[in-house]
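Peer 1: So I've got this file, structure.cif, and it contains mmCIF, C-alpha atoms and all ligand atoms:
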data_upload
#
loop_
_atom_site.label_atom_id
_atom_site.label_comp_id
_atom_site.auth_asym_id
_atom_site.auth_seq_id
_atom_site.Cartn_x
_atom_site.Cartn_y
_atom_site.Cartn_z
CA MET A 228 0.00 0.00 0.00
CA GLN A 229 1.12 3.54 -0.75
CA LYS A 230 2.51 5.25 2.29
CA GLU A 231 0.75 8.35 3.61
CA TYR A 232 3.18 9.01 6.47
CA ASP A 233 6.86 8.62 7.22
CA TYR A 234 6.15 7.29 10.70
CA ILE A 235 3.10 6.07 12.56
CA ILE A 236 3.26 5.94 16.35
CA ALA A 237 0.64 3.42 17.45
CA GLY A 238 -0.16 3.98 21.13
CA ALA A 239 0.34 7.41 22.72
CA GLY A 240 1.38 6.24 26.17
CA CYS A 241 4.79 6.41 27.76
CA ALA A 242 6.73 4.84 24.89
CA GLY A 243 4.83 6.43 21.99
CA LEU A 244 4.95 9.92 23.50
CA SER A 245 8.61 9.57 24.56
CA LEU A 246 9.47 8.73 20.95
CA LEU A 247 7.32 11.61 19.67
CA MET A 248 8.94 14.07 22.10
CA ARG A 249 12.40 13.04 20.93
CA MET A 250 11.31 13.49 17.29
CA MET A 251 9.93 16.95 18.07
CA ASN A 252 13.18 17.90 19.79
CA ASP A 253 15.23 17.11 16.68
CA SER A 254 15.07 19.18 13.49
CA PHE A 255 15.85 16.04 11.45
CA PHE A 256 12.16 15.12 11.88
CA ASP A 257 10.72 18.57 11.00
CA ASN A 258 9.94 17.53 7.43
CA LYS A 259 8.70 14.03 8.32
CA LYS A 260 4.97 13.32 8.34
CA ILE A 261 4.13 11.67 11.64
CA LEU A 262 0.80 10.14 12.67
CA VAL A 263 0.01 9.38 16.32
CA VAL A 264 -2.94 7.12 17.04
CA ASP A 265 -4.46 6.12 20.36
CA ALA A 266 -7.88 4.85 21.39
CA ASP A 267 -7.73 7.00 24.51
CA THR A 268 -7.61 10.79 24.85
CA LYS A 269 -4.94 10.59 27.61
CA ASN A 270 -6.75 13.12 29.80
CA ILE A 271 -6.52 11.25 33.09
CA ASN A 272 -3.75 11.15 35.66
CA ASP A 273 -3.68 7.33 35.51
CA ARG A 274 -0.10 6.69 36.69
CA THR A 275 2.93 8.14 38.41
CA TRP A 276 6.35 7.28 37.05
CA CYS A 277 9.40 6.99 39.27
CA PHE A 278 12.85 6.22 37.94
CA TRP A 279 16.47 7.04 38.65
CA GLU A 280 18.98 8.74 36.38
CA LYS A 281 22.37 10.41 36.56
CA GLU A 282 21.86 13.23 34.05
CA PRO A 283 18.71 15.21 33.30
CA ASP A 284 16.90 13.94 30.22
CA ILE A 285 14.13 15.41 28.03
CA PHE A 286 11.43 15.16 30.71
CA GLU A 287 13.39 17.09 33.35
CA PRO A 288 11.09 20.17 32.99
CA ILE A 289 8.13 18.12 34.25
CA VAL A 290 9.83 16.26 37.11
CA HIS A 291 7.39 16.72 39.99
CA HIS A 292 9.81 15.85 42.79
CA GLN A 293 13.21 14.22 43.21
CA TRP A 294 15.19 12.62 46.01
CA ASN A 295 18.91 11.98 46.50
CA THR A 296 18.40 9.70 49.49
CA LEU A 297 16.24 6.59 49.72
CA ASN A 298 15.26 4.40 52.64
CA PHE A 299 15.23 0.63 52.57
CA PHE A 300 13.48 -1.39 55.27
CA SER A 301 13.06 -5.10 55.87
CA LYS A 302 12.64 -7.20 59.01
CA ASP A 303 16.40 -7.22 59.60
CA LEU A 304 17.62 -4.08 57.82
CA SER A 305 16.94 -0.35 58.07
CA LYS A 306 19.29 1.50 55.78
CA GLU A 307 19.49 5.03 54.42
CA LEU A 308 20.81 4.83 50.87
CA ALA A 309 22.80 7.71 49.39
CA ILE A 310 22.28 7.16 45.68
CA TYR A 311 24.65 9.75 44.18
CA PRO A 312 25.33 10.06 41.21
CA TYR A 313 21.70 9.07 40.70
CA SER A 314 18.56 11.02 41.59
CA TYR A 315 15.24 9.28 42.08
CA LYS A 316 12.57 11.23 40.19
CA MET A 317 8.81 11.37 39.95
CA ILE A 318 6.68 12.42 36.96
CA GLU A 319 2.89 12.53 37.04
CA GLY A 320 1.12 10.83 34.13
CA LEU A 321 -1.23 13.67 33.17
CA THR A 322 1.56 16.26 33.26
CA PHE A 323 3.56 14.00 30.93
CA TYR A 324 0.68 13.51 28.45
CA ASN A 325 -0.13 17.27 28.41
CA PHE A 326 3.52 18.25 28.04
CA VAL A 327 3.93 16.17 24.88
CA LYS A 328 0.46 16.98 23.47
CA ASN A 329 1.01 20.74 23.92
CA ASN A 330 4.36 20.49 22.16
CA ALA A 331 2.75 18.56 19.31
CA LEU A 332 0.29 21.44 18.73
CA LEU A 333 3.27 23.53 17.59
CA HIS A 334 4.27 20.99 14.91
CA ALA A 335 2.23 21.03 11.70
CA ASN A 336 3.85 17.75 10.55
CA ILE A 337 2.28 15.80 13.43
CA HIS A 338 -1.27 14.47 13.05
CA TRP A 339 -3.28 12.85 15.78
CA ILE A 340 -6.10 10.30 15.49
CA ASN A 341 -8.21 9.21 18.44
CA GLU A 342 -9.26 5.72 17.28
CA LYS A 343 -8.83 2.08 18.14
CA VAL A 344 -6.19 0.22 16.13
CA ILE A 345 -7.45 -3.23 15.18
CA ASN A 346 -4.23 -4.63 13.78
CA ILE A 347 -0.79 -3.68 12.50
CA VAL A 348 0.57 -5.30 9.35
CA ASN A 349 3.64 -5.23 7.15
CA ASP A 350 3.42 -4.68 3.41
CA SER A 351 6.73 -6.27 2.44
CA SER A 352 6.47 -5.53 -1.29
CA ASN A 353 6.20 -1.79 -0.68
CA ARG A 354 8.53 -1.81 2.35
CA THR A 355 5.84 -0.19 4.47
CA ALA A 356 3.74 -1.09 7.47
CA GLY A 357 0.23 -0.01 8.31
CA ILE A 358 -2.40 0.28 10.98
CA GLN A 359 -5.86 -1.12 10.42
CA LEU A 360 -8.65 1.04 11.83
CA SER A 361 -12.37 0.15 11.78
CA ASN A 362 -12.96 1.57 8.29
CA ARG A 363 -9.54 2.08 6.69
CA SER A 364 -5.85 1.32 6.78
CA ILE A 365 -3.02 3.86 6.88
CA PHE A 366 0.55 3.07 5.85
CA ALA A 367 3.96 4.52 6.66
CA SER A 368 7.63 3.68 6.22
CA LYS A 369 7.68 2.53 9.82
CA VAL A 370 5.11 1.84 12.50
CA PHE A 371 6.29 2.18 16.11
CA ASN A 372 3.94 0.00 18.07
CA SER A 373 3.35 0.05 21.83
CA ILE A 374 -0.07 -1.60 21.67
CA LEU A 375 -0.34 -5.05 23.24
CA PHE A 376 -3.09 -6.72 21.21
CA SER A 377 -3.18 -9.74 23.52
CA PRO A 378 -1.81 -10.39 26.99
CA ILE A 379 1.81 -11.53 27.25
CA GLN A 380 1.72 -15.36 27.19
CA PRO A 381 5.02 -16.85 28.34
CA GLN A 382 5.80 -20.45 27.41
CA SER A 383 6.07 -23.21 30.01
CA HIS A 384 9.82 -22.67 30.55
CA GLN A 385 9.34 -18.93 31.12
CA TYR A 386 8.06 -17.08 34.18
CA ASN A 387 5.03 -14.88 34.43
CA PHE A 388 4.91 -12.83 37.60
CA GLN A 389 2.93 -9.64 37.84
CA GLN A 390 3.87 -6.51 39.67
CA HIS A 391 0.53 -5.23 40.94
CA PHE A 392 0.05 -2.25 43.14
CA LYS A 393 -2.33 0.31 44.49
CA GLY A 394 -1.17 3.78 45.46
CA TRP A 395 -2.80 6.61 47.39
CA VAL A 396 -1.64 10.20 47.49
CA ILE A 397 -2.47 11.17 51.06
CA ASN A 398 -2.58 14.65 52.52
CA THR A 399 -2.21 15.33 56.23
CA PRO A 400 -3.27 18.44 58.15
CA LYS A 401 -0.01 18.41 60.15
CA PRO A 402 3.59 17.95 58.85
CA SER A 403 4.11 14.17 58.71
CA PHE A 404 6.77 13.48 56.06
CA ASN A 405 10.34 14.32 55.15
CA PRO A 406 10.23 15.31 51.44
CA GLY A 407 14.02 14.82 51.25
CA ILE A 408 13.86 11.02 51.61
CA ALA A 409 11.73 8.49 49.72
CA THR A 410 11.22 4.90 50.83
CA PHE A 411 12.30 2.73 47.92
CA MET A 412 11.15 -0.55 49.48
CA ASP A 413 9.64 -1.28 52.87
CA PHE A 414 9.36 -5.04 53.31
CA ARG A 415 8.26 -4.91 56.96
CA VAL A 416 4.67 -5.60 55.83
CA SER A 417 3.21 -9.12 55.73
CA GLN A 418 4.80 -11.41 53.14
CA LYS A 419 1.92 -13.92 53.21
CA HIS A 420 1.06 -13.36 49.51
CA GLY A 421 4.71 -13.44 48.35
CA THR A 422 7.19 -10.60 47.73
CA THR A 423 5.38 -7.53 49.10
CA PHE A 424 6.54 -4.03 49.95
CA MET A 425 5.53 -0.41 50.28
CA TYR A 426 6.82 2.68 48.56
CA LEU A 427 6.58 6.02 50.36
CA LEU A 428 7.18 9.02 48.13
CA PRO A 429 6.75 12.29 50.05
CA THR A 430 6.54 15.42 47.91
CA SER A 431 6.06 17.84 50.83
CA THR A 432 5.78 17.64 54.61
CA THR A 433 2.04 17.07 54.26
CA SER A 434 1.68 15.00 51.07
CA ALA A 435 3.01 11.61 49.96
CA LEU A 436 2.27 8.78 47.56
CA VAL A 437 2.04 5.49 49.47
CA GLU A 438 2.01 2.41 47.28
CA TYR A 439 1.31 -1.23 48.23
CA THR A 440 3.21 -3.42 45.76
CA LEU A 441 3.43 -7.17 45.19
CA PHE A 442 5.48 -9.38 42.87
CA THR A 443 3.22 -12.44 42.62
CA LYS A 444 1.42 -14.55 40.04
CA ASP A 445 -2.11 -13.75 41.21
CA LEU A 446 -3.82 -10.44 41.83
CA LEU A 447 -5.62 -9.61 45.08
CA PRO A 448 -9.23 -8.50 45.52
CA GLN A 449 -9.35 -4.68 45.46
CA ALA A 450 -10.32 -4.47 49.15
CA ALA A 451 -7.07 -6.22 50.14
CA TYR A 452 -4.94 -3.38 48.70
CA ASP A 453 -7.03 -0.81 50.62
CA ILE A 454 -6.72 -2.72 53.89
CA ALA A 455 -2.93 -3.03 53.49
CA LEU A 456 -2.57 0.69 52.73
CA LYS A 457 -4.69 1.66 55.75
CA GLU A 458 -2.72 -0.64 58.04
CA TYR A 459 0.65 0.66 56.81
CA ILE A 460 -0.38 4.30 57.22
CA HIS A 461 -1.63 3.59 60.73
CA ASP A 462 0.97 1.08 61.99
CA PHE A 463 4.19 2.24 60.32
CA LEU A 464 3.65 5.89 59.43
CA GLU A 465 1.60 6.39 62.62
CA ILE A 466 -0.79 8.71 60.81
CA ASN A 467 -4.48 8.65 61.70
CA ASP A 468 -5.68 11.92 60.23
CA TYR A 469 -5.40 12.09 56.45
CA THR A 470 -7.38 12.45 53.23
CA ILE A 471 -6.86 10.49 50.01
CA ALA A 472 -6.27 13.02 47.22
CA HIS A 473 -5.66 10.53 44.40
CA GLU A 474 -5.50 6.77 43.80
CA GLU A 475 -3.90 4.63 41.14
CA TYR A 476 -3.79 0.94 40.41
CA GLY A 477 -1.50 -0.87 38.03
CA ILE A 478 -0.27 -4.22 36.80
CA ILE A 479 3.10 -4.58 35.10
CA PRO A 480 4.26 -7.88 33.57
CA MET A 481 7.38 -9.36 35.17
CA THR A 482 8.52 -11.98 32.73
CA ASN A 483 11.70 -13.30 31.14
CA MET A 484 9.85 -13.91 27.88
CA LYS A 485 11.68 -12.33 24.94
CA LEU A 486 9.26 -10.08 23.08
CA PRO A 487 9.88 -9.18 19.43
CA LEU A 488 11.84 -5.95 18.91
CA VAL A 489 11.40 -5.49 15.17
CA ASP A 490 9.29 -7.21 12.52
CA GLU A 491 10.24 -5.79 9.11
CA ASN A 492 8.82 -2.24 9.25
CA ILE A 493 7.12 -2.60 12.61
CA VAL A 494 9.24 -1.59 15.60
CA PHE A 495 7.96 -2.62 19.04
CA ILE A 496 8.39 -0.15 21.85
CA GLY A 497 7.39 0.08 25.50
CA ILE A 498 6.01 -2.92 27.33
CA ALA A 499 5.06 -4.44 23.95
CA GLY A 500 8.78 -4.31 23.10
CA GLY A 501 9.86 -5.99 26.36
CA GLN A 502 10.97 -2.80 28.10
CA ALA A 503 9.57 -3.63 31.54
CA LYS A 504 12.43 -5.16 33.49
CA GLY A 505 11.53 -8.71 34.48
CA SER A 506 12.93 -8.51 37.99
CA SER A 507 11.67 -5.06 38.98
CA GLY A 508 8.84 -3.95 36.65
CA TYR A 509 10.60 -0.60 36.09
CA ALA A 510 10.10 0.48 32.47
CA PHE A 511 10.29 4.29 32.23
CA LYS A 512 14.07 4.59 31.94
CA PHE A 513 14.34 1.58 29.60
CA ILE A 514 11.76 3.26 27.38
CA GLN A 515 13.84 6.47 27.37
CA LYS A 516 16.99 4.58 26.40
CA LYS A 517 15.19 2.64 23.67
CA THR A 518 13.49 5.68 22.12
CA ALA A 519 16.80 7.61 22.14
CA GLN A 520 18.44 4.64 20.38
CA ILE A 521 15.66 4.59 17.74
CA ILE A 522 16.08 8.32 17.05
CA ASN A 523 19.80 7.81 16.61
CA ALA A 524 19.28 4.93 14.19
CA LEU A 525 16.71 6.84 12.10
CA LYS A 526 18.99 9.87 11.84
CA THR A 527 22.08 7.93 10.87
CA GLY A 528 20.26 5.53 8.54
CA ARG A 529 21.34 2.55 10.62
CA THR A 530 19.10 -0.46 11.19
CA ILE A 531 17.06 -0.43 14.38
CA PRO A 532 18.45 -3.40 16.34
CA GLY A 533 16.24 -6.49 16.18
CA LYS A 534 18.30 -8.27 18.83
CA LEU A 535 19.03 -7.53 22.46
CA SER A 536 22.34 -5.84 23.27
CA ILE A 537 24.95 -7.76 25.26
CA ASN A 538 24.01 -5.83 28.41
CA ALA A 539 20.30 -6.50 27.91
CA THR A 540 20.98 -10.20 27.30
CA LYS A 541 23.02 -10.33 30.50
CA GLY A 542 20.21 -8.47 32.33
CA LEU A 543 17.67 -10.96 31.02
CA LEU A 544 19.70 -13.84 32.43
CA TYR A 545 19.85 -12.13 35.85
CA ASP A 546 16.08 -11.45 35.68
CA SER A 547 15.45 -15.09 34.76
CA THR A 548 17.57 -16.18 37.73
CA LEU A 549 15.65 -14.03 40.20
CA LEU A 550 12.29 -15.12 38.76
CA HIS A 551 13.48 -18.76 38.92
CA VAL A 552 14.34 -18.39 42.63
CA LEU A 553 10.97 -16.74 43.36
CA HIS A 554 8.99 -19.21 41.23
CA HIS A 555 10.60 -22.24 42.91
CA GLN A 556 10.36 -20.52 46.30
CA LYS A 557 14.05 -21.09 47.01
CA MET A 558 14.34 -17.81 48.93
CA PRO A 559 11.76 -15.14 49.79
CA GLY A 560 11.97 -11.88 47.84
CA ASP A 561 12.23 -9.67 50.95
CA GLN A 562 15.36 -11.54 52.03
CA ILE A 563 16.92 -11.33 48.56
CA PHE A 564 16.50 -7.55 48.30
CA SER A 565 17.56 -7.15 51.92
CA ASP A 566 20.83 -9.02 51.29
CA ILE A 567 21.49 -7.03 48.12
CA PHE A 568 20.99 -3.66 49.82
CA LYS A 569 22.78 -4.71 53.01
CA PHE A 570 26.05 -5.65 51.31
CA ASN A 571 26.23 -3.31 48.32
CA ASN A 572 26.59 0.33 47.51
CA ALA A 573 23.12 1.60 46.51
CA ALA A 574 24.31 3.31 43.31
CA ASN A 575 25.86 0.01 42.19
CA VAL A 576 22.55 -1.76 42.82
CA LEU A 577 20.71 0.87 40.77
CA SER A 578 23.17 0.48 37.88
CA PHE A 579 22.72 -3.32 38.14
CA LEU A 580 18.93 -2.93 37.94
CA ASP A 581 19.47 -0.69 34.89
CA ASN A 582 21.55 -3.41 33.12
CA GLU A 583 24.44 -0.93 33.15
CA SER A 584 26.76 -2.37 35.81
CA SER A 585 30.25 -3.68 35.13
CA PHE A 586 30.87 -7.42 35.33
CA PHE A 587 32.85 -6.79 38.53
CA THR A 588 29.81 -5.08 40.13
CA ASP A 589 27.60 -7.93 38.92
CA LEU A 590 29.87 -10.39 40.70
CA GLN A 591 29.81 -8.32 43.90
CA ILE A 592 26.02 -8.18 43.86
CA MET A 593 25.68 -11.87 43.04
CA SER A 594 28.02 -12.82 45.86
CA SER A 595 25.83 -10.92 48.34
CA VAL A 596 23.01 -13.47 47.90
CA PRO A 597 23.51 -17.17 48.75
CA THR A 598 25.49 -18.70 45.87
CA SER A 599 24.18 -22.18 46.81
CA ILE A 600 20.75 -20.93 45.67
CA PHE A 601 21.55 -18.45 42.92
CA LEU A 602 24.36 -20.26 41.08
CA PRO A 603 22.35 -23.43 40.28
CA ALA A 604 19.38 -21.23 39.33
CA ALA A 605 21.56 -19.16 36.97
CA LEU A 606 23.07 -22.30 35.40
CA LYS A 607 19.63 -23.83 34.85
CA GLU A 608 18.39 -20.62 33.22
CA LEU A 609 21.48 -20.49 31.02
CA LEU A 610 20.90 -24.07 29.86
CA ILE A 611 17.21 -23.33 29.20
CA LYS A 612 18.25 -20.31 27.12
CA ILE A 613 20.73 -22.34 25.09
CA TYR A 614 18.22 -25.19 24.58
CA PHE A 615 15.33 -22.97 23.45
CA HIS A 616 17.45 -20.56 21.42
C1 LIG A 701 -0.16 2.70 37.29
C2 LIG A 701 1.22 2.41 36.73
C3 LIG A 701 2.34 2.97 37.34
C4 LIG A 701 3.62 2.71 36.83
N1 LIG A 701 4.70 3.25 37.47
C5 LIG A 701 5.93 3.04 36.96
C6 LIG A 701 7.07 3.64 37.58
O1 LIG A 701 6.95 4.32 38.61
N2 LIG A 701 8.29 3.45 37.02
C7 LIG A 701 8.45 2.71 35.89
O2 LIG A 701 9.59 2.59 35.41
N3 LIG A 701 7.40 2.09 35.30
C8 LIG A 701 6.15 2.24 35.81
N4 LIG A 701 5.08 1.64 35.19
C9 LIG A 701 5.34 0.73 34.08
C10 LIG A 701 5.47 1.43 32.72
O3 LIG A 701 6.39 2.49 32.78
C11 LIG A 701 4.12 1.97 32.23
O4 LIG A 701 3.19 0.92 32.13
C12 LIG A 701 4.23 2.68 30.89
O5 LIG A 701 3.07 3.44 30.71
C13 LIG A 701 4.43 1.70 29.74
O6 LIG A 701 4.48 2.42 28.55
P1 LIG A 701 3.87 1.85 27.19
O7 LIG A 701 3.96 2.94 26.21
O8 LIG A 701 4.45 0.54 26.90
O9 LIG A 701 2.34 1.55 27.53
P2 LIG A 701 1.20 2.62 27.81
O10 LIG A 701 1.73 3.80 28.48
O11 LIG A 701 0.11 1.84 28.49
O12 LIG A 701 0.73 3.05 26.35
C14 LIG A 701 0.03 2.20 25.47
C15 LIG A 701 -1.00 3.05 24.75
O13 LIG A 701 -1.67 2.26 23.78
C16 LIG A 701 -3.04 2.65 23.76
N5 LIG A 701 -3.79 1.53 23.19
C17 LIG A 701 -3.92 0.28 23.71
N6 LIG A 701 -4.65 -0.48 22.86
C18 LIG A 701 -4.95 0.30 21.79
C19 LIG A 701 -5.64 0.06 20.56
N7 LIG A 701 -6.13 -1.15 20.24
N8 LIG A 701 -5.75 1.08 19.69
C20 LIG A 701 -5.23 2.31 19.95
N9 LIG A 701 -4.57 2.59 21.10
C21 LIG A 701 -4.42 1.58 22.00
C22 LIG A 701 -3.37 2.95 25.20
O14 LIG A 701 -4.49 3.81 25.30
C23 LIG A 701 -2.09 3.60 25.69
O15 LIG A 701 -2.13 5.00 25.57
C24 LIG A 701 3.79 1.87 35.69
C25 LIG A 701 2.66 1.29 35.11
C26 LIG A 701 1.39 1.56 35.62
C27 LIG A 701 0.19 0.88 34.98
#
Starting from the file, give its structure as structure tokens.
Peer 2:
Amino acid sequence: MQKEYDYIIAGAGCAGLSLLMRMMNDSFFDNKKILVVDADTKNINDRTWCFWEKEPDIFEPIVHHQWNTLNFFSKDLSKELAIYPYSYKMIEGLTFYNFVKNNALLHANIHWINEKVINIVNDSSNRTAGIQLSNRSIFASKVFNSILFSPIQPQSHQYNFQQHFKGWVINTPKPSFNPGIATFMDFRVSQKHGTTFMYLLPTSTTSALVEYTLFTKDLLPQAAYDIALKEYIHDFLEINDYTIAHEEYGIIPMTNMKLPLVDENIVFIGIAGGQAKGSSGYAFKFIQKKTAQIINALKTGRTIPGKLSINATKGLLYDSTLLHVLHHQKMPGDQIFSDIFKFNNAANVLSFLDNESSFFTDLQIMSSVPTSIFLPAALKELLIKIYFH
């Protein structure tokens, strides 16, 4: 089919809008016709992103709050983590959507359609790819797709945990928080459902996002998240007087399944492109790295990589190992993270979770958890990878 656009961005969520923002920031794309399509209008504050980075990136102007110190708590560890050279940052979903949409209004080469995409197909003979809408198809040189048309279905040798969480922004009439320190993980809560922790992200002395988070296979009834949040606020934060200003609920896949990166002229981005880290569920920073890499490839005429980098492959093996240990219940998650944070420099742990650590740091981190458990798990995962390659 004849192409109408240079690029189609299918899905205007985190990945689609991060890619669009990077295109708008670069004059190389000024004369490219770009179509953005999403079924949703993106008018709701449906999520809060937190991530860590060393240098400010393109979304720095909309960072809502940032912390240089994090707390870690478990039954046997209370540790204040200085994370320099990283900062831990928070961006609110609606601010992010509006920031990119308002920028797009200034670019006549960007068109927006608010419709459901039914399918995305390649047209190999014309070297194009297209989106199928209810009454027509539209083609472009490349389609960047962040739409998951069906749930991620790992095979029997792969793991399928879910990170599920409910968060409340609570406001208190009296000063109750230190906005200089965020709690990265608080594992002192019940572990009866599996790996379970709280985040506490204070943005002022009277306002904080409290989030109840689990890494398990099954979701909980909604009431269970509310009960856990209430108990934590009462028992650990010792706050009785508060109002809930905002709530959010989310599920992020935690899998070691390899998702396709590129299929001819379709490039997969975001969670659909495997950018949620299997062992942590963090995706925002991986999406930023991936979209920056795509921009670079488009500008230089290089092929967008269809295979994982060496670092990402290494990271996938570490993720598989952790998921293996959790799946086979060889060691509880709270103890694993506690050991890692007890014996390692926090910035090294963050670089490890980013797939950016040196092999020496990897070894240090791996030797802080019991090798009798993790080494056989890693070897089994390596063999599985070789066998199913
Ligand atoms: C509540 C929540 C909080 C999170 N917090 C963090 C965090 O703190 N840190 C972090 O690193 N990660 C976080 N994540 C994980 C991850 O960063 C987000 O899920 C992120 O939004 C993923 O980006 P994406 O572009 O892949 O998907 P999305 O942002 O979900 O974008 C996909 C887009 O596709 C559209 N779409 C879907 N189907 C169709 C269709 N058929 N036709 C047209 N459009 C369609 C959707 O409307 C959506 O806009 C969070 C996830 C959630 C759900």
Peer 1: For ligand LIG 701 (chain A), return the neighbouring residues as a ChimeraX atom specification (distance at most 8 Å; all atoms listed in the file).
Peer 2: /A:237-244,264-269,273-278,317,341-346,373-376,392-393,475-479,496-500,502-503,508-514
Peer 1: Kindly indicate which residue among A:Val489, A:Ile235, A:Leu332, A:Ile397 lies nearest to A:Lys369, using all atoms listed in the file for the distances.
Peer 2: A:Ile235
Peer 1: Around all the atoms of stretch 552-566 of chain A listed in the file, draw an axis-aligned box and extend it by 8 Å on each of the six sides; I want its centre and edge lengths in Å to one decimal, as JSON.
Peer 2:
{"center_x": 14.9, "center_y": -14.7, "center_z": 46.6, "size_x": 27.8, "size_y": 31.1, "size_z": 26.8}
Peer 1: Please identify all polymer residues within 12 Å of A:Thr296, counting all atoms listed in the file, omitting same-chain residues fewer than 6 positions from it, and present them as a ChimeraX atom specification.
Peer 2: /A:279,306-316,405-411,428-429,573-574
Peer 1: Distance cut-off 7 Å, centre (8.3, -16.2, 43.9) in file coordinates, counting only C-alpha atoms: which residues qualify? Return them as a compact mmCIF listing (two decimals) with C-alpha atoms, keeping the file's coordinate frame.
Peer 2:
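Writing the result to out_32.txt gives the following:
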# COMPACT_ATOMS: atom_id res chain seq x y z
CA GLY A 421 4.71 -13.44 48.35
CA THR A 422 7.19 -10.60 47.73
CA THR A 443 3.22 -12.44 42.62
CA LEU A 550 12.29 -15.12 38.76
CA VAL A 552 14.34 -18.39 42.63
CA LEU A 553 10.97 -16.74 43.36
CA HIS A 554 8.99 -19.21 41.23
CA HIS A 555 10.60 -22.24 42.91
CA GLN A 556 10.36 -20.52 46.30
CA PRO A 559 11.76 -15.14 49.79
CA GLY A 560 11.97 -11.88 47.84
Peer 1: Mind checking which residues fall within 8 Å of A:Asn575, counting all atoms listed in the file, ignoring those fewer than 4 positions away in the same chain, and posting them as a VMD selection string?
Peer 2: chain A and resid 571 579 584 588
Peer 1: Excluding A:Ile493 and its own-chain neighbours fewer than 5 positions away, which residues fall within 9 Å of it when counting only C-alpha atoms? Please give them as a list in words.
Peer 2: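 Neighbouring residues, sequence-local ones excluded: Ile347, Val348, Asn349, Thr355, Ala356, Gly357, Ser368, Lys369, Val370, Phe371, Asn372 and Leu488 of chain A.
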Peer 1: For A:Ser547, which residue out of A:Ile613, A:Ala604, A:Ile358, A:Ile563 is the nearest one, using all atoms listed in the file?
Peer 2: A:Ala604
Peer 1: Mind giving me the straight-line distance from atom CA of A:Ile261 to atom CA of A:Ile337 in Å, one decimal?
Peer 2: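 Interatomic distance, atom CA of A:Ile261 to atom CA of A:Ile337: 4.9 Å.
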Peer 1: What does the structure give for the distance between atom CA of A:Ser595 and atom CA of A:Ser301, in Å to one decimal?
Peer 2: 15.9 Å
Peer 1: Would you pick out the contacts of stretch 530-542 of chain A at 12 Å or less, using all atoms listed in the file, so that residues sharing its chain but fewer than 3 positions from it are not included, and give the list as JSON, numbers by chain?
Peer 2: {"A": [369, 371, 483, 484, 485, 486, 487, 488, 489, 490, 491, 492, 493, 494, 495, 496, 500, 501, 502, 503, 504, 505, 506, 507, 513, 516, 517, 518, 519, 520, 521, 522, 523, 524, 525, 526, 527, 545, 546, 547, 548, 549, 578, 579, 580, 581, 582, 583, 584, 585, 586, 589, 605, 608, 609, 612]}
Peer 1: Once you count all atoms listed in the file, which residues end up no further than 9 Å from (12.4, 11.2, 12.3) in the file's frame, shown as a list in words?
Peer 2: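 Within the cut-off we find Asp233, Tyr234, Leu247, Arg249, Met250, Met251, Asp253, Ser254, Phe255, Phe256, Asp257, Asn258, Lys259, Lys260, Ile261, Ile522, Leu525 and Lys526 of chain A.
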Peer 1: Save the residues we just selected, C-alpha atoms, as a PDB file, in the coordinates of the input?
Peer 2:
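And here's part.pdb as it stands now:
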ATOM      1  CA  ASP A 233       6.860   8.620   7.220  1.00  0.00           C
ATOM      2  CA  TYR A 234       6.150   7.290  10.700  1.00  0.00           C
ATOM      3  CA  LEU A 247       7.320  11.610  19.670  1.00  0.00           C
ATOM      4  CA  ARG A 249      12.400  13.040  20.930  1.00  0.00           C
ATOM      5  CA  MET A 250      11.310  13.490  17.290  1.00  0.00           C
ATOM      6  CA  MET A 251       9.930  16.950  18.070  1.00  0.00           C
ATOM      7  CA  ASP A 253      15.230  17.110  16.680  1.00  0.00           C
ATOM      8  CA  SER A 254      15.070  19.180  13.490  1.00  0.00           C
ATOM      9  CA  PHE A 255      15.850  16.040  11.450  1.00  0.00           C
ATOM     10  CA  PHE A 256      12.160  15.120  11.880  1.00  0.00           C
ATOM     11  CA  ASP A 257      10.720  18.570  11.000  1.00  0.00           C
ATOM     12  CA  ASN A 258       9.940  17.530   7.430  1.00  0.00           C
ATOM     13  CA  LYS A 259       8.700  14.030   8.320  1.00  0.00           C
ATOM     14  CA  LYS A 260       4.970  13.320   8.340  1.00  0.00           C
ATOM     15  CA  ILE A 261       4.130  11.670  11.640  1.00  0.00           C
ATOM     16  CA  ILE A 522      16.080   8.320  17.050  1.00  0.00           C
ATOM     17  CA  LEU A 525      16.710   6.840  12.100  1.00  0.00           C
ATOM     18  CA  LYS A 526      18.990   9.870  11.840  1.00  0.00           C
TER      19      LYS A 526
END
Peer 1: Mind giving me the straight-line distance from atom CA of A:Leu456 to atom CA of A:Met425 in Å, one decimal?
Peer 2: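 Value for the atom CA of A:Leu456-atom CA of A:Met425 distance: 8.5 Å.
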Peer 1: For a quick check of understanding, using only C-alpha atoms, which of A:Leu262, A:Asn295, A:Leu543, A:Leu304 has the smallest distance to A:Ala335?
Peer 2: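 Of A:Leu262, A:Asn295, A:Leu543, A:Leu304, the one nearest A:Ala335 is A:Leu262, counting only C-alpha atoms.
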Peer 1: As a list in words, please: the residues near stretch 413-419 of chain A (cut-off 10 Å, all atoms listed in the file, same-chain neighbours under 5 positions excluded).
Peer 2: Asn298, Phe299, Phe300, Ser301, Lys302, Asp303, Leu304, Ser305, Phe424, Met425, Tyr426, Leu427, Tyr439, Thr440, Leu441, Ala455, Glu458, Tyr459, Asp462, Phe463, Pro559, Gly560, Asp561, Gln562, Phe564 and Ser565 of chain A
Peer 1: Which residue is closest to A:Tyr386? Choose from A:Asp350, A:Asn362, A:Pro480, A:Ile318 and count only C-alpha atoms.
Peer 2: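 Answer, going by the shortest atom-to-atom distance: A:Pro480.
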